[in-house]
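Chemist: File follows, start_25.cif with mmCIF, C-alpha atoms:
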data_entry
#
loop_
_atom_site.label_atom_id
_atom_site.label_comp_id
_atom_site.auth_asym_id
_atom_site.auth_seq_id
_atom_site.Cartn_x
_atom_site.Cartn_y
_atom_site.Cartn_z
CA MET H 1 -106.68 89.72 173.46
CA LYS H 2 -104.17 87.44 171.72
CA ARG H 3 -101.64 88.30 174.44
CA ILE H 4 -104.10 87.23 177.17
CA ILE H 5 -104.80 83.92 175.39
CA LEU H 6 -101.05 83.28 175.01
CA ILE H 7 -100.38 83.95 178.70
CA TYR H 8 -103.29 81.64 179.67
CA SER H 9 -101.96 78.86 177.42
CA VAL H 10 -98.46 79.08 178.89
CA ALA H 11 -99.83 79.06 182.44
CA LEU H 12 -102.02 76.00 181.67
CA PHE H 13 -99.02 74.17 180.24
CA LEU H 14 -96.93 74.90 183.32
CA ILE H 15 -99.70 73.72 185.68
CA SER H 16 -100.18 70.53 183.66
CA SER H 17 -96.45 69.86 183.75
CA CYS H 18 -96.37 70.24 187.54
CA LEU H 19 -99.33 67.89 188.05
CA SER H 20 -98.18 65.13 185.70
CA THR H 21 -96.57 62.17 187.45
CA ASP H 22 -94.75 59.26 185.93
CA VAL H 23 -96.08 55.86 187.14
CA VAL H 24 -93.17 53.83 188.41
CA GLU H 25 -93.81 50.17 189.19
CA VAL H 26 -91.86 49.15 192.27
CA GLU H 27 -91.20 45.50 192.95
CA MET H 28 -92.43 44.87 196.50
CA PRO H 29 -90.30 42.47 198.52
CA TYR H 30 -92.02 39.21 199.47
CA ASP H 31 -91.16 35.86 200.96
CA LYS H 32 -90.91 33.05 198.46
CA TYR H 33 -92.45 29.88 199.85
CA ILE H 34 -93.71 26.53 198.68
CA VAL H 35 -97.13 26.07 200.29
CA VAL H 36 -98.52 22.63 201.22
CA GLN H 37 -102.23 22.24 202.09
CA GLY H 38 -103.97 19.00 202.98
CA THR H 39 -106.95 18.08 205.20
CA LEU H 40 -107.81 14.45 205.87
CA GLU H 41 -111.39 14.21 207.13
CA LYS H 42 -112.55 11.10 208.95
CA ASP H 43 -114.63 8.71 206.79
CA SER H 44 -114.48 11.02 203.75
CA ILE H 45 -112.89 10.53 200.35
CA PHE H 46 -109.37 11.95 200.33
CA SER H 47 -109.54 15.41 198.71
CA GLY H 48 -105.86 15.58 197.82
CA VAL H 49 -102.86 17.69 198.74
CA ARG H 50 -102.34 21.08 197.11
CA PHE H 51 -98.84 22.37 196.28
CA THR H 52 -98.48 26.04 195.34
CA LYS H 53 -95.96 28.85 195.56
CA THR H 54 -96.32 32.39 196.87
CA LEU H 55 -96.47 35.18 194.30
CA SER H 56 -95.19 38.74 194.21
CA LEU H 57 -97.53 41.33 195.71
CA ASN H 58 -97.44 43.08 192.35
CA GLU H 59 -98.86 40.02 190.61
CA PRO H 60 -102.64 39.49 190.67
CA TYR H 61 -103.36 36.10 192.19
CA GLN H 62 -104.27 33.37 189.72
CA ILE H 63 -104.03 29.70 190.59
CA LYS H 64 -102.43 28.92 187.22
CA ASN H 65 -99.50 31.15 188.19
CA SER H 66 -99.28 29.75 191.71
CA GLU H 67 -99.79 26.01 191.24
CA LEU H 68 -96.91 23.53 191.12
CA THR H 69 -97.35 20.85 188.48
CA ASP H 70 -94.09 18.91 188.78
CA VAL H 71 -94.28 17.49 192.32
CA THR H 72 -93.43 13.88 193.09
CA ALA H 73 -95.54 12.81 196.08
CA TYR H 74 -97.03 9.82 197.89
CA LEU H 75 -98.83 8.90 201.11
CA LEU H 76 -97.71 6.23 203.59
CA ILE H 77 -100.54 4.91 205.80
CA ASP H 78 -99.77 3.22 209.12
CA GLU H 79 -96.28 2.46 207.82
CA THR H 80 -97.69 -0.26 205.57
CA ILE H 81 -99.71 1.13 202.63
CA THR H 82 -98.17 3.40 199.98
CA ILE H 83 -100.38 5.51 197.71
CA PRO H 84 -98.73 7.54 194.91
CA LEU H 85 -100.22 10.96 194.23
CA HIS H 86 -100.59 12.47 190.76
CA TYR H 87 -101.24 16.00 189.53
CA SER H 88 -104.97 16.57 188.95
CA HIS H 89 -105.76 20.29 188.65
CA GLU H 90 -104.98 23.65 190.30
CA GLY H 91 -101.99 22.25 192.17
CA ILE H 92 -103.99 19.38 193.70
CA TYR H 93 -102.47 15.89 193.76
CA LEU H 94 -104.72 12.84 194.06
CA PRO H 95 -104.46 9.02 193.96
CA LEU H 96 -105.43 7.26 190.75
CA TYR H 97 -108.38 5.74 192.60
CA PRO H 98 -110.58 7.27 195.33
CA HIS H 99 -109.30 6.62 198.85
CA LYS H 100 -111.48 6.70 201.97
CA ILE H 101 -109.69 8.23 204.97
CA LYS H 102 -109.09 5.65 207.69
CA VAL H 103 -110.16 6.59 211.20
CA GLY H 104 -107.37 6.61 213.78
CA SER H 105 -104.71 5.97 211.14
CA VAL H 106 -101.39 7.74 210.82
CA TYR H 107 -100.79 9.36 207.44
CA GLU H 108 -97.35 10.46 206.27
CA LEU H 109 -96.74 12.70 203.28
CA PHE H 110 -93.53 12.45 201.26
CA ALA H 111 -92.90 14.89 198.42
CA GLU H 112 -90.14 16.42 196.34
CA VAL H 113 -90.30 19.56 194.21
CA LEU H 114 -87.63 21.93 192.87
CA ASP H 115 -84.93 19.81 194.60
CA THR H 116 -86.71 20.31 197.93
CA LYS H 117 -87.79 17.30 199.99
CA ILE H 118 -90.99 17.65 202.03
CA TYR H 119 -92.34 15.50 204.85
CA SER H 120 -95.35 15.66 207.15
CA LYS H 121 -97.21 13.35 209.51
CA THR H 122 -100.71 13.46 210.97
CA ILE H 123 -103.25 11.26 212.73
CA VAL H 124 -106.94 11.12 211.81
CA PRO H 125 -109.12 11.61 214.93
CA ASP H 126 -111.66 8.94 215.80
CA SER H 127 -114.97 9.40 217.62
CA ILE H 128 -115.89 12.68 219.35
CA VAL H 129 -117.68 12.26 222.68
CA VAL H 130 -119.81 15.26 223.74
CA ALA H 131 -121.56 15.22 227.13
CA LYS H 132 -123.75 18.28 226.48
CA SER H 133 -124.08 21.54 224.53
CA GLU H 134 -125.64 24.58 226.17
CA LEU H 135 -126.47 28.15 225.15
CA TYR H 136 -124.97 30.70 227.58
CA PHE H 137 -126.34 34.22 228.10
CA ASP H 138 -128.22 33.97 224.80
CA GLU H 139 -124.87 34.59 223.11
CA TYR H 140 -122.71 31.53 222.55
CA ILE H 141 -122.70 27.73 222.89
CA ILE H 142 -120.39 25.70 225.11
CA SER H 143 -119.98 21.97 224.50
CA GLU H 144 -118.46 19.66 227.08
CA VAL H 145 -116.13 17.32 225.18
CA LYS H 146 -114.23 14.27 226.38
CA VAL H 147 -110.52 14.88 225.84
CA ASN H 148 -108.13 12.74 223.83
CA ARG H 149 -104.60 14.07 224.32
CA ASN H 150 -103.72 13.44 220.67
CA TYR H 151 -106.33 15.93 219.48
CA VAL H 152 -107.52 19.52 219.88
CA TYR H 153 -111.10 20.72 219.56
CA GLY H 154 -113.14 23.57 218.13
CA SER H 155 -116.86 24.22 217.78
CA VAL H 156 -119.22 26.16 215.52
CA TRP H 157 -122.91 27.00 215.77
CA GLU H 158 -125.34 25.98 213.05
CA ALA H 159 -128.76 27.53 212.53
CA TYR H 160 -131.67 26.56 210.30
CA PRO H 161 -133.89 29.64 209.97
CA SER H 162 -135.65 27.89 207.08
CA TYR H 163 -134.52 25.06 204.84
CA ASN H 164 -131.07 26.59 204.44
CA LYS H 165 -128.25 26.05 206.91
CA VAL H 166 -126.29 29.03 208.25
CA THR H 167 -123.08 28.34 210.12
CA ALA H 168 -120.33 30.25 211.92
CA GLU H 169 -117.41 31.21 209.68
CA ASP H 170 -114.69 30.32 212.18
CA PHE H 171 -113.96 28.86 215.60
CA HIS H 172 -113.85 30.97 218.74
CA SER H 173 -110.90 28.97 220.08
CA ILE H 174 -109.09 25.67 219.75
CA VAL H 175 -108.67 23.68 223.00
CA PRO H 176 -107.24 22.15 225.10
CA SER H 177 -103.85 23.63 225.80
CA ILE H 178 -100.98 21.33 226.73
CA GLU H 179 -101.29 22.29 230.40
CA GLU H 180 -104.86 21.00 230.84
CA ASN H 181 -105.28 17.69 232.69
CA ASP H 182 -109.07 17.31 232.94
CA LYS H 183 -110.95 14.43 231.33
CA TYR H 184 -113.43 16.88 229.78
CA THR H 185 -112.91 20.30 228.25
CA ASN H 186 -115.30 23.12 227.36
CA VAL H 187 -115.35 24.15 223.71
CA ARG H 188 -117.00 27.49 222.90
CA THR H 189 -118.48 28.89 219.69
CA VAL H 190 -118.35 32.49 218.52
CA ASN H 191 -121.45 34.53 219.39
CA VAL H 192 -124.66 33.53 217.66
CA PRO H 193 -126.32 36.45 215.81
CA GLY H 194 -129.56 37.52 217.46
CA GLU H 195 -131.73 36.74 214.45
CA TYR H 196 -130.93 33.03 214.82
CA LEU H 197 -131.77 32.79 218.52
CA ASN H 198 -135.55 32.89 218.09
CA GLY H 199 -137.52 30.86 215.59
CA SER H 200 -134.48 28.96 214.25
CA LEU H 201 -133.29 25.44 214.91
CA LEU H 202 -129.94 25.87 216.66
CA TYR H 203 -127.21 23.25 216.88
CA ALA H 204 -123.54 22.96 217.74
CA ARG H 205 -120.96 20.94 215.83
CA VAL H 206 -117.63 19.95 217.39
CA TYR H 207 -114.47 19.41 215.34
CA ALA H 208 -111.40 17.41 216.34
CA PHE H 209 -107.98 17.98 214.77
CA ASP H 210 -104.51 16.61 215.07
CA LYS H 211 -102.90 18.69 217.83
CA PHE H 212 -100.79 20.71 215.38
CA TYR H 213 -103.91 22.57 214.29
CA ARG H 214 -103.91 24.60 217.50
CA GLU H 215 -100.60 26.22 216.57
CA TYR H 216 -101.99 27.13 213.15
CA PHE H 217 -105.17 28.62 214.64
CA LEU H 218 -103.24 30.74 217.14
CA SER H 219 -100.98 32.02 214.36
CA LYS H 220 -104.00 33.54 212.59
CA GLY H 221 -104.44 36.06 215.41
CA ASN H 222 -107.58 38.12 214.81
CA ASN H 223 -107.70 37.28 211.14
CA GLN H 224 -111.12 35.87 210.21
CA SER H 225 -110.31 35.04 206.61
CA ASP H 226 -111.03 31.48 205.53
CA SER H 227 -107.87 31.54 203.44
CA LEU H 228 -105.56 29.03 205.02
CA PHE H 229 -102.41 31.12 204.77
CA SER H 230 -103.71 34.69 205.13
CA ASN H 231 -102.04 36.98 207.67
CA VAL H 232 -100.13 34.30 209.53
CA THR H 233 -97.33 35.12 211.92
CA SER H 234 -95.71 31.70 212.31
CA PRO H 235 -95.90 29.48 209.23
CA ASN H 236 -93.96 26.50 210.65
CA TRP H 237 -96.67 24.08 211.74
CA ASN H 238 -96.16 20.39 210.91
CA ILE H 239 -94.38 20.58 207.55
CA ASN H 240 -90.73 19.54 207.56
CA SER H 241 -88.44 20.01 204.58
CA SER H 242 -84.86 20.25 203.40
CA SER H 243 -85.47 23.98 202.84
CA SER H 244 -86.69 26.74 205.13
CA GLU H 245 -88.87 28.03 202.29
CA VAL H 246 -91.71 25.54 202.76
CA ILE H 247 -94.84 26.24 204.85
CA GLY H 248 -98.20 24.62 205.28
CA LEU H 249 -100.45 22.26 207.15
CA PHE H 250 -101.22 18.58 206.56
CA VAL H 251 -103.81 17.70 209.20
CA GLY H 252 -106.28 15.01 210.19
CA MET H 253 -109.82 16.11 211.10
CA ALA H 254 -113.15 14.73 212.31
CA LYS H 255 -116.47 16.41 213.08
CA SER H 256 -119.45 15.44 215.16
CA LYS H 257 -123.05 15.21 214.03
CA PRO H 258 -125.18 18.33 214.73
CA LEU H 259 -125.68 18.54 218.51
CA ILE H 260 -128.94 19.67 220.12
CA VAL H 261 -128.43 22.81 222.21
CA SER H 262 -130.16 23.31 225.55
CA SER H 263 -130.50 26.54 227.55
CA ASN H 264 -128.19 27.07 230.49
#
In structure tokens, what does this structure look like?

Modeler:
Amino acid sequence: MKRIILIYSVALFLISSCLSTDVVEVEMPYDKYIVVQGTLEKDSIFSGVRFTKTLSLNEPYQIKNSELTDVTAYLLIDETITIPLHYSHEGIYLPLYPHKIKVGSVYELFAEVLDTKIYSKTIVPDSIVVAKSELYFDEYIISEVKVNRNYVYGSVWEAYPSYNKVTAEDFHSIVPSIEENDKYTNVRTVNVPGEYLNGSLLYARVYAFDKFYREYFLSKGNNQSDSLFSNVTSPNWNINSSSSEVIGLFVGMAKSKPLIVSSN
């Protein structure tokens, strides 16, 4: 009996030895970038510019590890007004006093961090003229928008099944392309879920962006994440720098009021 127990113990030890595996942490290669994020919405209070850095894939994301706190930055508006930016929180840089975004103005961003100079330029869209918004095939909304060649356009649906607003998470497309010459362009939403087609108030809302936004949107591919720099294939939008290791988007934006939708 003792011999059987001894043989069993030895066999169990050998099996355990074969199954045990040492955990080896491998440093995954990743691209090191400085990331610049700024959206200037028409008639709104400037929400700041965020400066961060990319982190190793092995490192759990935390803004305190990603934020840059030693950036020197300022805005130049219409080549006349200079507004210094100061670190606020989570990598966001703001003016000392609230600034209302000026419609139709040109904003330039100048910054320097880690011996890298950064520059970007954008225009804030003015009014959005929409001729009509119609529901097609009980699936999606198309809005007919007057074109300004300095801007590109996207649209989302908005539904009010009760007192709460539900809205599309992303645009279907950003138009027009450079080749289009018409005075009006059709801007389509993603499909509206069936539960919002009956018994809900349904609207469309059209957005206008500086034309660089189209390149950003196309670079997302099929990615539906609302994270600005998730799964991109071409990070060089409208950020210029003295280093190739800077990516981002500094873009002017406007949006229409909710638009009544008619049936096609």

Chemist: Check what the PyMOL selection byres ((chain H and resi 88-101) around 9) selects in the file above and give those residues as an MDAnalysis selection string.

Modeler: chainID H and resid 40:52 63:64 66:69 71 73:74 83:87 102:103 105 124

Chemist: Got a sec: who's within 12 Å of Ser244 (chain H), counting all atoms listed in the file, leaving out chain neighbours fewer than 2 positions off, as a list in words?

Modeler: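 Returned residues: Asp31, Lys32, Tyr33, Ile34, Val35, Thr116, Lys117, Ile118, Pro235, Asn236, Ile239, Asn240, Ser241, Ser242, Val246, Ile247 and Gly248 of chain H.
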
Chemist: Under the rule that only C-alpha atoms are counted, which of H:Ser262, H:Thr185, H:Tyr160, H:Asp70 is the nearest residue to Leu114 (chain H)?

Modeler: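 For Leu114 (chain H), the nearest of the candidates is H:Asp70.
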
Chemist: Work out how far CA of Glu108 (chain H) is from CA of Val152 (chain H), in Å to one decimal.

Modeler: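 Here the two named atoms are 19.3 Å from each other.
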
Chemist: Suppose you want the space between CA of Leu259 (chain H) and CA of Asp210 (chain H); what is it in Å?

Modeler: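 Between CA of Leu259 (chain H) and CA of Asp210 (chain H) the gap is 21.5 Å.
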
Chemist: Starting from the PyMOL selection byres ((chain H and resi 125-139) around 8), expand the selection into actual residues of this file and give them as a ChimeraX atom specification.

Modeler: /H:42,103-104,123-124,140-146,151,191-194,197,204,206-210,252-256,259-264
